[in-house]
Amino acid sequence: MPTRAVTGHPADRLALDDPYFARGPRHVGYVLAASVVMLPLLVPSGPGNTALADVGILALVVVVVLWLRHEHVPVGVPYLLPMGLLVTAGATSAFQSGAESAVLAVLQDIFCLLWAAAIANAVRRRRWLLDVLLRAWVWSGVFWAGVLCAGRIAGISWMAGLSAKDGGRASLTFDDPNLAANYFLVCIALILATSVIQHRVARGLAVLLVLLAIVFTGSNGAAVGLAVMAGVGVLLRLRRRQGVLAALAAAFLAAAGVALVAPQVNLSAIGQKAADSVQILKDSLGRSDESSGSREALASETLGLYLGGDLVGVGPGRTKAALKGEAAPYVKEAHNDYLATLVERGALGGLGLVALIAVTAVRLGRVATWTQSRWVSHVVPRPEFLLALGCALAAAALFYEVLHFRHIWALLGLVAGIDPAAWGFERRNPGPVR
(Lines give C-alpha, C1' and ligand atoms only; values in the text may rest on other atoms or scores of the structure.)
Protein backbone atom coordinates (compact mmCIF):
# COMPACT_ATOMS: atom_id res chain seq x y z
CA MET A 1 0.00 0.00 0.00
CA PRO A 2 1.42 3.43 -0.86
CA THR A 3 2.40 5.73 1.94
CA ARG A 4 0.51 8.99 2.38
CA ALA A 5 1.54 11.51 4.99
CA VAL A 6 -1.03 13.31 7.10
CA THR A 7 -0.65 17.04 7.42
CA GLY A 8 -0.88 18.90 10.70
CA HIS A 9 0.99 18.32 13.93
CA PRO A 10 4.07 16.08 13.51
CA ALA A 11 2.48 13.55 15.86
CA ASP A 12 -0.38 13.14 13.37
CA ARG A 13 1.88 12.06 10.51
CA LEU A 14 1.57 8.34 9.98
CA ALA A 15 2.03 5.96 7.09
CA LEU A 16 -1.30 4.39 6.27
CA ASP A 17 0.37 1.00 5.91
CA ASP A 18 1.15 0.97 9.64
CA PRO A 19 -0.03 -2.44 10.88
CA TYR A 20 -2.03 -0.80 13.65
CA PHE A 21 -4.49 0.50 11.06
CA ALA A 22 -4.70 -2.78 9.15
CA ARG A 23 -7.96 -4.65 9.50
CA GLY A 24 -6.18 -7.36 11.43
CA PRO A 25 -7.11 -10.93 12.31
CA ARG A 26 -10.83 -11.44 11.76
CA HIS A 27 -11.08 -14.38 14.15
CA VAL A 28 -9.96 -12.15 17.04
CA GLY A 29 -12.65 -9.64 16.15
CA TYR A 30 -15.33 -12.33 16.00
CA VAL A 31 -14.37 -13.77 19.38
CA LEU A 32 -14.11 -10.29 20.93
CA ALA A 33 -17.59 -9.37 19.71
CA ALA A 34 -19.06 -12.69 20.84
CA SER A 35 -17.52 -12.41 24.32
CA VAL A 36 -19.07 -8.97 24.82
CA VAL A 37 -22.48 -9.94 23.44
CA MET A 38 -22.55 -12.97 25.76
CA LEU A 39 -21.88 -10.97 28.95
CA PRO A 40 -25.49 -11.16 30.22
CA LEU A 41 -25.68 -14.95 29.78
CA LEU A 42 -25.18 -15.93 33.41
CA VAL A 43 -28.22 -18.25 33.70
CA PRO A 44 -28.08 -21.19 33.89
CA SER A 45 -24.93 -21.31 36.00
CA GLY A 46 -22.50 -24.18 36.36
CA PRO A 47 -19.97 -25.29 38.97
CA GLY A 48 -18.14 -22.47 40.74
CA ASN A 49 -20.63 -19.87 39.48
CA THR A 50 -19.43 -20.40 35.91
CA ALA A 51 -21.75 -19.52 33.02
CA LEU A 52 -21.95 -19.37 29.25
CA ALA A 53 -20.46 -15.86 29.37
CA ASP A 54 -17.24 -17.36 30.75
CA VAL A 55 -16.84 -19.49 27.63
CA GLY A 56 -16.57 -16.34 25.53
CA ILE A 57 -14.21 -14.69 28.02
CA LEU A 58 -11.89 -17.71 28.13
CA ALA A 59 -11.94 -17.99 24.33
CA LEU A 60 -10.91 -14.36 23.96
CA VAL A 61 -8.04 -14.69 26.45
CA VAL A 62 -6.66 -17.73 24.60
CA VAL A 63 -7.11 -16.22 21.13
CA VAL A 64 -5.48 -12.89 22.05
CA VAL A 65 -2.49 -14.55 23.74
CA LEU A 66 -1.89 -16.85 20.74
CA TRP A 67 -2.28 -13.97 18.31
CA LEU A 68 0.17 -11.69 20.12
CA ARG A 69 2.69 -14.51 20.48
CA HIS A 70 2.41 -15.10 16.74
CA GLU A 71 3.14 -11.42 16.11
CA HIS A 72 6.05 -11.49 18.60
CA VAL A 73 4.83 -8.51 20.61
CA PRO A 74 4.90 -8.17 24.41
CA VAL A 75 1.68 -8.75 26.33
CA GLY A 76 0.93 -6.12 28.97
CA VAL A 77 -1.16 -6.76 32.07
CA PRO A 78 -2.74 -3.54 33.37
CA TYR A 79 -3.75 -3.34 37.04
CA LEU A 80 -1.17 -6.04 37.84
CA LEU A 81 0.21 -4.42 41.01
CA PRO A 82 -3.12 -3.71 42.79
CA MET A 83 -4.55 -7.05 41.71
CA GLY A 84 -1.36 -8.74 42.84
CA LEU A 85 -1.96 -7.31 46.31
CA LEU A 86 -5.61 -8.39 46.28
CA VAL A 87 -4.79 -11.89 45.04
CA THR A 88 -1.97 -12.31 47.57
CA ALA A 89 -4.22 -11.12 50.39
CA GLY A 90 -7.01 -13.40 49.18
CA ALA A 91 -4.72 -16.43 48.89
CA THR A 92 -3.34 -15.82 52.38
CA SER A 93 -6.77 -15.54 53.97
CA ALA A 94 -8.05 -18.50 51.93
CA PHE A 95 -5.15 -20.65 53.19
CA GLN A 96 -5.90 -19.63 56.76
CA SER A 97 -9.64 -20.31 56.44
CA GLY A 98 -9.10 -23.61 54.61
CA ALA A 99 -12.30 -23.10 52.57
CA GLU A 100 -12.41 -24.23 48.95
CA SER A 101 -14.84 -21.43 48.08
CA ALA A 102 -12.23 -18.87 49.14
CA VAL A 103 -9.64 -20.41 46.78
CA LEU A 104 -12.22 -20.31 43.99
CA ALA A 105 -12.75 -16.58 44.58
CA VAL A 106 -9.00 -15.97 44.14
CA LEU A 107 -9.02 -17.89 40.86
CA GLN A 108 -11.96 -15.77 39.73
CA ASP A 109 -9.90 -12.64 40.44
CA ILE A 110 -7.13 -13.90 38.18
CA PHE A 111 -9.65 -14.84 35.50
CA CYS A 112 -11.14 -11.32 35.52
CA LEU A 113 -7.68 -9.74 35.38
CA LEU A 114 -6.79 -11.81 32.30
CA TRP A 115 -10.10 -10.82 30.69
CA ALA A 116 -9.30 -7.11 31.18
CA ALA A 117 -5.73 -7.63 29.91
CA ALA A 118 -6.97 -9.42 26.77
CA ILE A 119 -9.28 -6.51 25.91
CA ALA A 120 -6.63 -3.88 26.65
CA ASN A 121 -4.03 -5.61 24.45
CA ALA A 122 -6.50 -6.21 21.63
CA VAL A 123 -7.70 -2.61 21.32
CA ARG A 124 -4.13 -1.30 21.59
CA ARG A 125 -2.87 -3.56 18.85
CA ARG A 126 -5.58 -2.87 16.27
CA ARG A 127 -7.86 0.14 15.95
CA TRP A 128 -10.39 -2.08 14.19
CA LEU A 129 -10.76 -4.18 17.32
CA LEU A 130 -11.66 -1.08 19.34
CA ASP A 131 -14.44 -0.39 16.84
CA VAL A 132 -15.60 -4.01 17.14
CA LEU A 133 -15.61 -3.88 20.94
CA LEU A 134 -17.58 -0.65 21.19
CA ARG A 135 -20.10 -1.51 18.48
CA ALA A 136 -20.72 -4.98 19.88
CA TRP A 137 -21.09 -3.67 23.42
CA VAL A 138 -23.40 -0.74 22.62
CA TRP A 139 -25.69 -2.54 20.18
CA SER A 140 -25.90 -5.72 22.23
CA GLY A 141 -26.68 -3.62 25.31
CA VAL A 142 -29.54 -1.94 23.45
CA PHE A 143 -30.72 -5.35 22.20
CA TRP A 144 -30.68 -6.95 25.66
CA ALA A 145 -32.51 -3.92 27.08
CA GLY A 146 -35.16 -4.38 24.39
CA VAL A 147 -35.51 -8.07 25.27
CA LEU A 148 -35.96 -7.29 28.97
CA CYS A 149 -38.49 -4.51 28.30
CA ALA A 150 -40.47 -6.59 25.83
CA GLY A 151 -40.63 -9.52 28.25
CA ARG A 152 -41.62 -7.30 31.18
CA ILE A 153 -44.34 -5.45 29.25
CA ALA A 154 -45.72 -8.65 27.73
CA GLY A 155 -45.55 -10.47 31.06
CA ILE A 156 -43.25 -13.20 29.72
CA SER A 157 -41.37 -14.22 32.87
CA TRP A 158 -38.57 -16.23 31.26
CA MET A 159 -37.79 -13.41 28.82
CA ALA A 160 -37.71 -10.64 31.42
CA GLY A 161 -36.03 -12.77 34.08
CA LEU A 162 -38.88 -12.51 36.58
CA SER A 163 -38.84 -14.79 39.61
CA ALA A 164 -40.85 -15.22 42.78
CA LYS A 165 -37.94 -14.21 45.02
CA ASP A 166 -37.60 -10.80 43.32
CA GLY A 167 -41.29 -10.01 42.93
CA GLY A 168 -41.84 -7.86 39.86
CA ARG A 169 -38.17 -6.96 39.42
CA ALA A 170 -36.67 -8.06 36.09
CA SER A 171 -33.15 -9.48 35.85
CA LEU A 172 -33.01 -10.79 32.25
CA THR A 173 -30.42 -13.62 32.32
CA PHE A 174 -28.32 -12.12 35.14
CA ASP A 175 -30.21 -13.87 37.99
CA ASP A 176 -29.89 -10.63 39.98
CA PRO A 177 -31.80 -7.41 39.22
CA ASN A 178 -29.04 -5.25 40.69
CA LEU A 179 -26.41 -6.89 38.50
CA ALA A 180 -28.63 -6.38 35.44
CA ALA A 181 -29.17 -2.72 36.35
CA ASN A 182 -25.42 -2.15 36.75
CA TYR A 183 -24.78 -3.69 33.33
CA PHE A 184 -27.30 -1.33 31.73
CA LEU A 185 -25.81 1.63 33.61
CA VAL A 186 -22.48 0.90 31.91
CA CYS A 187 -24.27 0.60 28.57
CA ILE A 188 -25.77 4.09 28.95
CA ALA A 189 -22.32 5.55 29.62
CA LEU A 190 -20.92 3.85 26.52
CA ILE A 191 -23.79 5.12 24.36
CA LEU A 192 -23.09 8.66 25.55
CA ALA A 193 -19.30 8.45 25.40
CA THR A 194 -18.83 6.79 22.01
CA SER A 195 -19.73 7.56 18.40
CA VAL A 196 -21.35 4.16 17.79
CA ILE A 197 -24.80 5.81 17.59
CA GLN A 198 -24.04 9.11 15.91
CA HIS A 199 -27.49 10.62 15.34
CA ARG A 200 -28.66 12.50 18.42
CA VAL A 201 -32.28 11.36 18.18
CA ALA A 202 -31.27 7.71 17.77
CA ARG A 203 -28.83 8.05 20.66
CA GLY A 204 -31.53 9.58 22.83
CA LEU A 205 -33.99 6.79 22.00
CA ALA A 206 -31.36 4.16 22.80
CA VAL A 207 -30.68 5.78 26.18
CA LEU A 208 -34.42 5.89 26.95
CA LEU A 209 -34.80 2.19 26.14
CA VAL A 210 -31.91 1.23 28.40
CA LEU A 211 -33.25 3.54 31.12
CA LEU A 212 -36.59 1.75 30.92
CA ALA A 213 -34.77 -1.56 31.39
CA ILE A 214 -33.15 -0.15 34.55
CA VAL A 215 -36.56 0.98 35.81
CA PHE A 216 -37.90 -2.55 35.32
CA THR A 217 -35.04 -3.95 37.44
CA GLY A 218 -36.24 -1.84 40.38
CA SER A 219 -32.66 -1.17 41.47
CA ASN A 220 -32.35 1.78 43.87
CA GLY A 221 -28.57 1.48 43.73
CA ALA A 222 -28.66 1.97 39.96
CA ALA A 223 -30.84 5.06 40.47
CA VAL A 224 -28.16 6.50 42.76
CA GLY A 225 -25.51 5.61 40.19
CA LEU A 226 -27.50 7.30 37.42
CA ALA A 227 -27.79 10.46 39.49
CA VAL A 228 -24.05 10.50 40.21
CA MET A 229 -23.15 9.79 36.58
CA ALA A 230 -25.52 12.45 35.25
CA GLY A 231 -24.29 15.09 37.70
CA VAL A 232 -20.59 14.43 37.17
CA GLY A 233 -21.06 14.04 33.41
CA VAL A 234 -22.80 17.41 33.09
CA LEU A 235 -20.09 19.14 35.13
CA LEU A 236 -17.29 17.56 33.11
CA ARG A 237 -19.06 18.43 29.87
CA LEU A 238 -19.41 22.02 31.08
CA ARG A 239 -15.74 22.09 32.04
CA ARG A 240 -14.77 20.92 28.57
CA ARG A 241 -16.90 23.54 26.81
CA GLN A 242 -16.85 26.53 29.17
CA GLY A 243 -13.81 25.97 31.39
CA VAL A 244 -13.06 25.03 34.98
CA LEU A 245 -14.57 28.17 36.56
CA ALA A 246 -17.95 27.59 34.93
CA ALA A 247 -17.97 23.97 36.11
CA LEU A 248 -17.05 24.99 39.65
CA ALA A 249 -19.78 27.64 39.70
CA ALA A 250 -22.36 25.12 38.50
CA ALA A 251 -21.22 22.59 41.11
CA PHE A 252 -21.53 25.20 43.86
CA LEU A 253 -25.03 26.20 42.75
CA ALA A 254 -26.12 22.56 42.53
CA ALA A 255 -24.74 21.80 46.01
CA ALA A 256 -26.49 24.87 47.44
CA GLY A 257 -29.76 23.83 45.81
CA VAL A 258 -29.52 20.31 47.22
CA ALA A 259 -28.70 21.68 50.68
CA LEU A 260 -31.82 23.88 50.59
CA VAL A 261 -34.21 21.29 49.16
CA ALA A 262 -33.02 18.10 50.90
CA PRO A 263 -34.32 19.02 54.41
CA GLN A 264 -37.79 19.59 52.93
CA VAL A 265 -37.98 16.12 51.33
CA ASN A 266 -39.41 13.30 53.42
CA LEU A 267 -37.92 10.19 51.80
CA SER A 268 -39.73 7.89 54.21
CA ALA A 269 -43.11 9.33 53.24
CA ILE A 270 -42.26 9.05 49.55
CA GLY A 271 -41.29 5.42 50.08
CA GLN A 272 -44.54 4.70 51.91
CA LYS A 273 -46.61 6.19 49.10
CA ALA A 274 -44.62 4.26 46.51
CA ALA A 275 -45.19 1.03 48.43
CA ASP A 276 -48.95 1.54 48.00
CA SER A 277 -48.67 2.53 44.35
CA VAL A 278 -48.12 0.65 41.06
CA GLN A 279 -45.85 -2.38 40.86
CA ILE A 280 -42.89 -0.52 39.35
CA LEU A 281 -42.79 1.96 42.25
CA LYS A 282 -43.33 -0.83 44.79
CA ASP A 283 -40.27 -2.62 43.44
CA SER A 284 -38.02 0.46 43.62
CA LEU A 285 -38.91 3.43 45.84
CA GLY A 286 -41.31 1.27 47.83
CA ARG A 287 -38.37 -0.83 49.03
CA SER A 288 -36.17 2.12 49.98
CA ASP A 289 -36.79 2.02 53.75
CA GLU A 290 -36.43 -1.76 53.95
CA SER A 291 -33.38 -1.78 51.68
CA SER A 292 -31.54 1.01 53.52
CA GLY A 293 -32.33 -0.55 56.89
CA SER A 294 -31.01 -3.96 55.90
CA ARG A 295 -27.89 -2.38 54.38
CA GLU A 296 -27.18 -0.48 57.60
CA ALA A 297 -27.61 -3.60 59.72
CA LEU A 298 -25.40 -5.63 57.41
CA ALA A 299 -22.71 -2.93 57.34
CA SER A 300 -22.69 -2.78 61.13
CA GLU A 301 -22.35 -6.55 61.45
CA THR A 302 -19.66 -6.72 58.76
CA LEU A 303 -17.63 -3.94 60.36
CA GLY A 304 -17.89 -5.78 63.66
CA LEU A 305 -16.40 -8.86 62.00
CA TYR A 306 -13.39 -6.85 60.88
CA LEU A 307 -12.85 -5.13 64.21
CA GLY A 308 -13.14 -8.42 66.07
CA GLY A 309 -10.95 -10.36 63.64
CA ASP A 310 -7.32 -10.22 62.59
CA LEU A 311 -5.28 -8.53 59.86
CA VAL A 312 -5.54 -11.51 57.49
CA GLY A 313 -9.31 -11.67 56.97
CA VAL A 314 -11.92 -14.42 56.99
CA GLY A 315 -11.33 -15.44 53.37
CA PRO A 316 -12.73 -14.23 50.01
CA GLY A 317 -16.47 -14.72 49.71
CA ARG A 318 -16.83 -15.94 53.28
CA THR A 319 -18.57 -12.97 54.91
CA LYS A 320 -21.91 -14.81 55.01
CA ALA A 321 -20.33 -17.94 56.51
CA ALA A 322 -18.48 -15.85 59.09
CA LEU A 323 -21.66 -14.00 60.09
CA LYS A 324 -23.47 -17.31 60.40
CA GLY A 325 -20.68 -18.62 62.63
CA GLU A 326 -21.07 -15.54 64.83
CA ALA A 327 -24.85 -16.15 65.03
CA ALA A 328 -25.45 -12.67 63.63
CA PRO A 329 -29.11 -11.64 63.33
CA TYR A 330 -28.70 -10.63 59.66
CA VAL A 331 -26.71 -13.19 57.64
CA LYS A 332 -25.80 -12.19 54.08
CA GLU A 333 -22.83 -11.34 51.90
CA ALA A 334 -21.41 -7.86 52.50
CA HIS A 335 -22.98 -6.13 49.45
CA ASN A 336 -20.24 -3.51 49.87
CA ASP A 337 -16.88 -3.77 48.11
CA TYR A 338 -15.05 -1.67 50.67
CA LEU A 339 -16.19 -3.57 53.74
CA ALA A 340 -16.07 -6.96 51.99
CA THR A 341 -12.45 -6.45 50.97
CA LEU A 342 -11.37 -5.45 54.48
CA VAL A 343 -13.26 -8.27 56.20
CA GLU A 344 -12.37 -11.02 53.75
CA ARG A 345 -8.82 -10.04 52.72
CA GLY A 346 -7.61 -8.02 55.68
CA ALA A 347 -5.36 -4.98 55.72
CA LEU A 348 -3.32 -6.06 52.67
CA GLY A 349 -6.51 -6.51 50.69
CA GLY A 350 -7.65 -3.03 51.73
CA LEU A 351 -4.34 -1.64 50.48
CA GLY A 352 -4.81 -3.47 47.19
CA LEU A 353 -8.32 -2.06 46.76
CA VAL A 354 -7.08 1.49 47.42
CA ALA A 355 -4.32 0.94 44.84
CA LEU A 356 -6.82 -0.41 42.28
CA ILE A 357 -9.13 2.57 42.79
CA ALA A 358 -6.21 4.99 42.51
CA VAL A 359 -4.86 3.41 39.31
CA THR A 360 -8.32 3.32 37.74
CA ALA A 361 -9.00 6.93 38.74
CA VAL A 362 -5.73 8.10 37.19
CA ARG A 363 -6.44 6.22 33.96
CA LEU A 364 -9.97 7.58 33.76
CA GLY A 365 -8.71 11.08 34.46
CA ARG A 366 -6.20 10.86 31.62
CA VAL A 367 -8.77 9.37 29.24
CA ALA A 368 -11.26 12.15 30.03
CA THR A 369 -8.97 15.19 30.20
CA TRP A 370 -5.77 14.57 28.23
CA THR A 371 -5.47 15.32 24.54
CA GLN A 372 -6.15 12.01 22.83
CA SER A 373 -4.87 10.72 19.52
CA ARG A 374 -7.23 11.46 16.65
CA TRP A 375 -8.47 7.90 16.31
CA VAL A 376 -9.55 7.74 19.98
CA SER A 377 -11.21 11.16 19.72
CA HIS A 378 -13.18 9.84 16.76
CA VAL A 379 -14.51 6.65 18.36
CA VAL A 380 -14.79 8.09 21.92
CA PRO A 381 -15.65 11.77 21.35
CA ARG A 382 -17.18 12.29 24.81
CA PRO A 383 -14.78 10.48 27.19
CA GLU A 384 -15.92 12.53 30.18
CA PHE A 385 -18.87 10.15 30.51
CA LEU A 386 -16.43 7.31 31.21
CA LEU A 387 -15.01 9.29 34.13
CA ALA A 388 -18.58 10.03 35.28
CA LEU A 389 -19.31 6.31 35.08
CA GLY A 390 -16.26 5.62 37.24
CA CYS A 391 -17.68 7.93 39.92
CA ALA A 392 -21.04 6.17 39.67
CA LEU A 393 -19.40 2.76 40.09
CA ALA A 394 -17.48 4.00 43.13
CA ALA A 395 -20.84 4.94 44.65
CA ALA A 396 -22.40 1.63 43.55
CA ALA A 397 -19.64 -0.24 45.40
CA LEU A 398 -21.33 0.94 48.60
CA PHE A 399 -24.40 -1.16 47.69
CA TYR A 400 -23.00 -4.09 45.68
CA GLU A 401 -19.73 -5.94 45.27
CA VAL A 402 -19.12 -4.61 41.76
CA LEU A 403 -15.61 -6.09 41.51
CA HIS A 404 -17.33 -9.44 41.00
CA PHE A 405 -19.11 -8.20 37.87
CA ARG A 406 -17.62 -9.43 34.60
CA HIS A 407 -18.66 -6.34 32.62
CA ILE A 408 -16.76 -4.11 35.06
CA TRP A 409 -13.52 -5.88 34.14
CA ALA A 410 -14.33 -5.48 30.46
CA LEU A 411 -14.71 -1.76 31.15
CA LEU A 412 -11.37 -1.64 33.01
CA GLY A 413 -9.75 -3.32 30.01
CA LEU A 414 -11.26 -0.75 27.67
CA VAL A 415 -10.03 2.14 29.85
CA ALA A 416 -6.51 0.68 29.94
CA GLY A 417 -6.66 0.17 26.18
CA ILE A 418 -7.37 3.83 25.39
CA ASP A 419 -5.28 5.36 28.18
CA PRO A 420 -3.08 7.88 26.30
CA ALA A 421 -0.13 7.57 28.70
CA ALA A 422 0.18 3.84 29.30
CA TRP A 423 2.75 1.66 27.50
CA GLY A 424 4.01 4.54 25.36
CA PHE A 425 0.81 4.38 23.33
CA GLU A 426 0.81 7.97 22.10
CA ARG A 427 4.35 7.59 20.85
CA ARG A 428 3.67 4.44 18.87
CA ASN A 429 0.18 5.12 17.52
CA PRO A 430 -0.44 8.86 17.19
CA GLY A 431 -2.17 8.76 13.82
CA PRO A 432 -5.52 9.53 12.30
CA VAL A 433 -8.58 7.43 11.82
CA ARG A 434 -8.92 5.43 8.65
# chains A, B, ... in the order shown; residues from 1 in each chain; ligands from 1
>>> select_by_dssp(residues="range 35-233 of chain A", states="alpha helix (DSSP H)", output="PyMOL selection string")
chain A and resi 35-37+52-70+80-97+100-125+127-154+157-160+177-193+200-217+220-233
>>> closest_atom_pairs(of="range 69-180 of chain A", to="range 24-46 of chain A", cutoff="6 Å", atoms="only C-alpha atoms", output="tab-separated table")
residue	atom	partner	partner_atom	distance
A:Leu129	CA	A:Gly29	CA	5.9
A:Leu133	CA	A:Ala33	CA	6.0
A:Ala136	CA	A:Ala33	CA	5.4
A:Trp137	CA	A:Val36	CA	5.8
A:Ser140	CA	A:Val37	CA	5.6
A:Thr173	CA	A:Val43	CA	5.3
A:Phe174	CA	A:Leu42	CA	5.2
>>> write_last_selection(atoms="all heavy atoms", output="mmCIF file, in the first residue's frame")
data_model
loop_
_atom_site.group_PDB
_atom_site.id
_atom_site.type_symbol
_atom_site.label_atom_id
_atom_site.label_comp_id
_atom_site.auth_asym_id
_atom_site.auth_seq_id
_atom_site.Cartn_x
_atom_site.Cartn_y
_atom_site.Cartn_z
ATOM 1 N N LEU A 129 -10.218 -3.416 16.199
ATOM 2 C CA LEU A 129 -10.759 -4.177 17.322
ATOM 3 C C LEU A 129 -11.429 -3.267 18.352
ATOM 4 O O LEU A 129 -12.372 -3.682 19.029
ATOM 5 C CB LEU A 129 -9.656 -5.003 17.977
ATOM 6 C CG LEU A 129 -9.102 -6.147 17.117
ATOM 7 C CD1 LEU A 129 -7.953 -6.843 17.821
ATOM 8 C CD2 LEU A 129 -10.195 -7.153 16.779
ATOM 9 N N LEU A 133 -15.227 -3.814 19.523
ATOM 10 C CA LEU A 133 -15.605 -3.879 20.936
ATOM 11 C C LEU A 133 -16.741 -2.912 21.247
ATOM 12 O O LEU A 133 -17.760 -3.299 21.846
ATOM 13 C CB LEU A 133 -14.389 -3.561 21.809
ATOM 14 C CG LEU A 133 -14.680 -3.404 23.308
ATOM 15 C CD1 LEU A 133 -15.071 -4.742 23.927
ATOM 16 C CD2 LEU A 133 -13.476 -2.815 24.039
ATOM 17 N N ALA A 136 -20.087 -3.788 19.323
ATOM 18 C CA ALA A 136 -20.717 -4.983 19.875
ATOM 19 C C ALA A 136 -21.328 -4.698 21.235
ATOM 20 O O ALA A 136 -22.451 -5.146 21.542
ATOM 21 C CB ALA A 136 -19.688 -6.109 19.973
ATOM 22 N N TRP A 137 -20.627 -3.949 22.061
ATOM 23 C CA TRP A 137 -21.090 -3.671 23.424
ATOM 24 C C TRP A 137 -22.326 -2.775 23.410
ATOM 25 O O TRP A 137 -23.332 -3.060 24.070
ATOM 26 C CB TRP A 137 -19.974 -3.017 24.228
ATOM 27 C CG TRP A 137 -20.130 -3.155 25.713
ATOM 28 C CD1 TRP A 137 -21.290 -3.375 26.403
ATOM 29 C CD2 TRP A 137 -19.104 -3.092 26.701
ATOM 30 N NE1 TRP A 137 -21.055 -3.441 27.754
ATOM 31 C CE2 TRP A 137 -19.710 -3.274 27.961
ATOM 32 C CE3 TRP A 137 -17.716 -2.885 26.635
ATOM 33 C CZ2 TRP A 137 -18.989 -3.253 29.151
ATOM 34 C CZ3 TRP A 137 -16.996 -2.861 27.818
ATOM 35 C CH2 TRP A 137 -17.610 -3.057 29.056
ATOM 36 N N SER A 140 -25.380 -4.579 21.465
ATOM 37 C CA SER A 140 -25.895 -5.723 22.231
ATOM 38 C C SER A 140 -26.571 -5.246 23.511
ATOM 39 O O SER A 140 -27.577 -5.819 23.943
ATOM 40 C CB SER A 140 -24.774 -6.712 22.557
ATOM 41 O OG SER A 140 -23.804 -6.144 23.430
ATOM 42 N N THR A 173 -31.115 -12.351 32.069
ATOM 43 C CA THR A 173 -30.416 -13.615 32.321
ATOM 44 C C THR A 173 -29.265 -13.426 33.307
ATOM 45 O O THR A 173 -28.291 -14.180 33.292
ATOM 46 C CB THR A 173 -29.880 -14.204 31.001
ATOM 47 O OG1 THR A 173 -29.162 -13.187 30.291
ATOM 48 C CG2 THR A 173 -31.014 -14.699 30.132
ATOM 49 N N PHE A 174 -29.371 -12.401 34.154
ATOM 50 C CA PHE A 174 -28.324 -12.125 35.137
ATOM 51 C C PHE A 174 -28.573 -12.820 36.471
ATOM 52 O O PHE A 174 -27.671 -12.921 37.292
ATOM 53 C CB PHE A 174 -28.215 -10.618 35.386
ATOM 54 C CG PHE A 174 -27.578 -9.851 34.285
ATOM 55 C CD1 PHE A 174 -28.352 -9.234 33.310
ATOM 56 C CD2 PHE A 174 -26.204 -9.731 34.193
ATOM 57 C CE1 PHE A 174 -27.765 -8.506 32.279
ATOM 58 C CE2 PHE A 174 -25.608 -9.017 33.172
ATOM 59 C CZ PHE A 174 -26.398 -8.403 32.213
#
>>> closest_residue(among="A:Ala170, A:Ala251, A:Val64, A:Ala145", to="Arg126 in chain A", atoms="only C-alpha atoms")
A:Val64
>>> residues_around(residues="Leu81 in chain A", least_positions_apart="5", cutoff="10 Å", atoms="only C-alpha atoms", output="list in words")
Leu86, Val87, Gly352, Ala355, Leu356 and Val359 of chain A
>>> closest_residue(among="A:Ala99, A:Leu238, A:Leu342, A:Ala213", to="Val147 in chain A", atoms="only C-alpha atoms")
A:Ala213
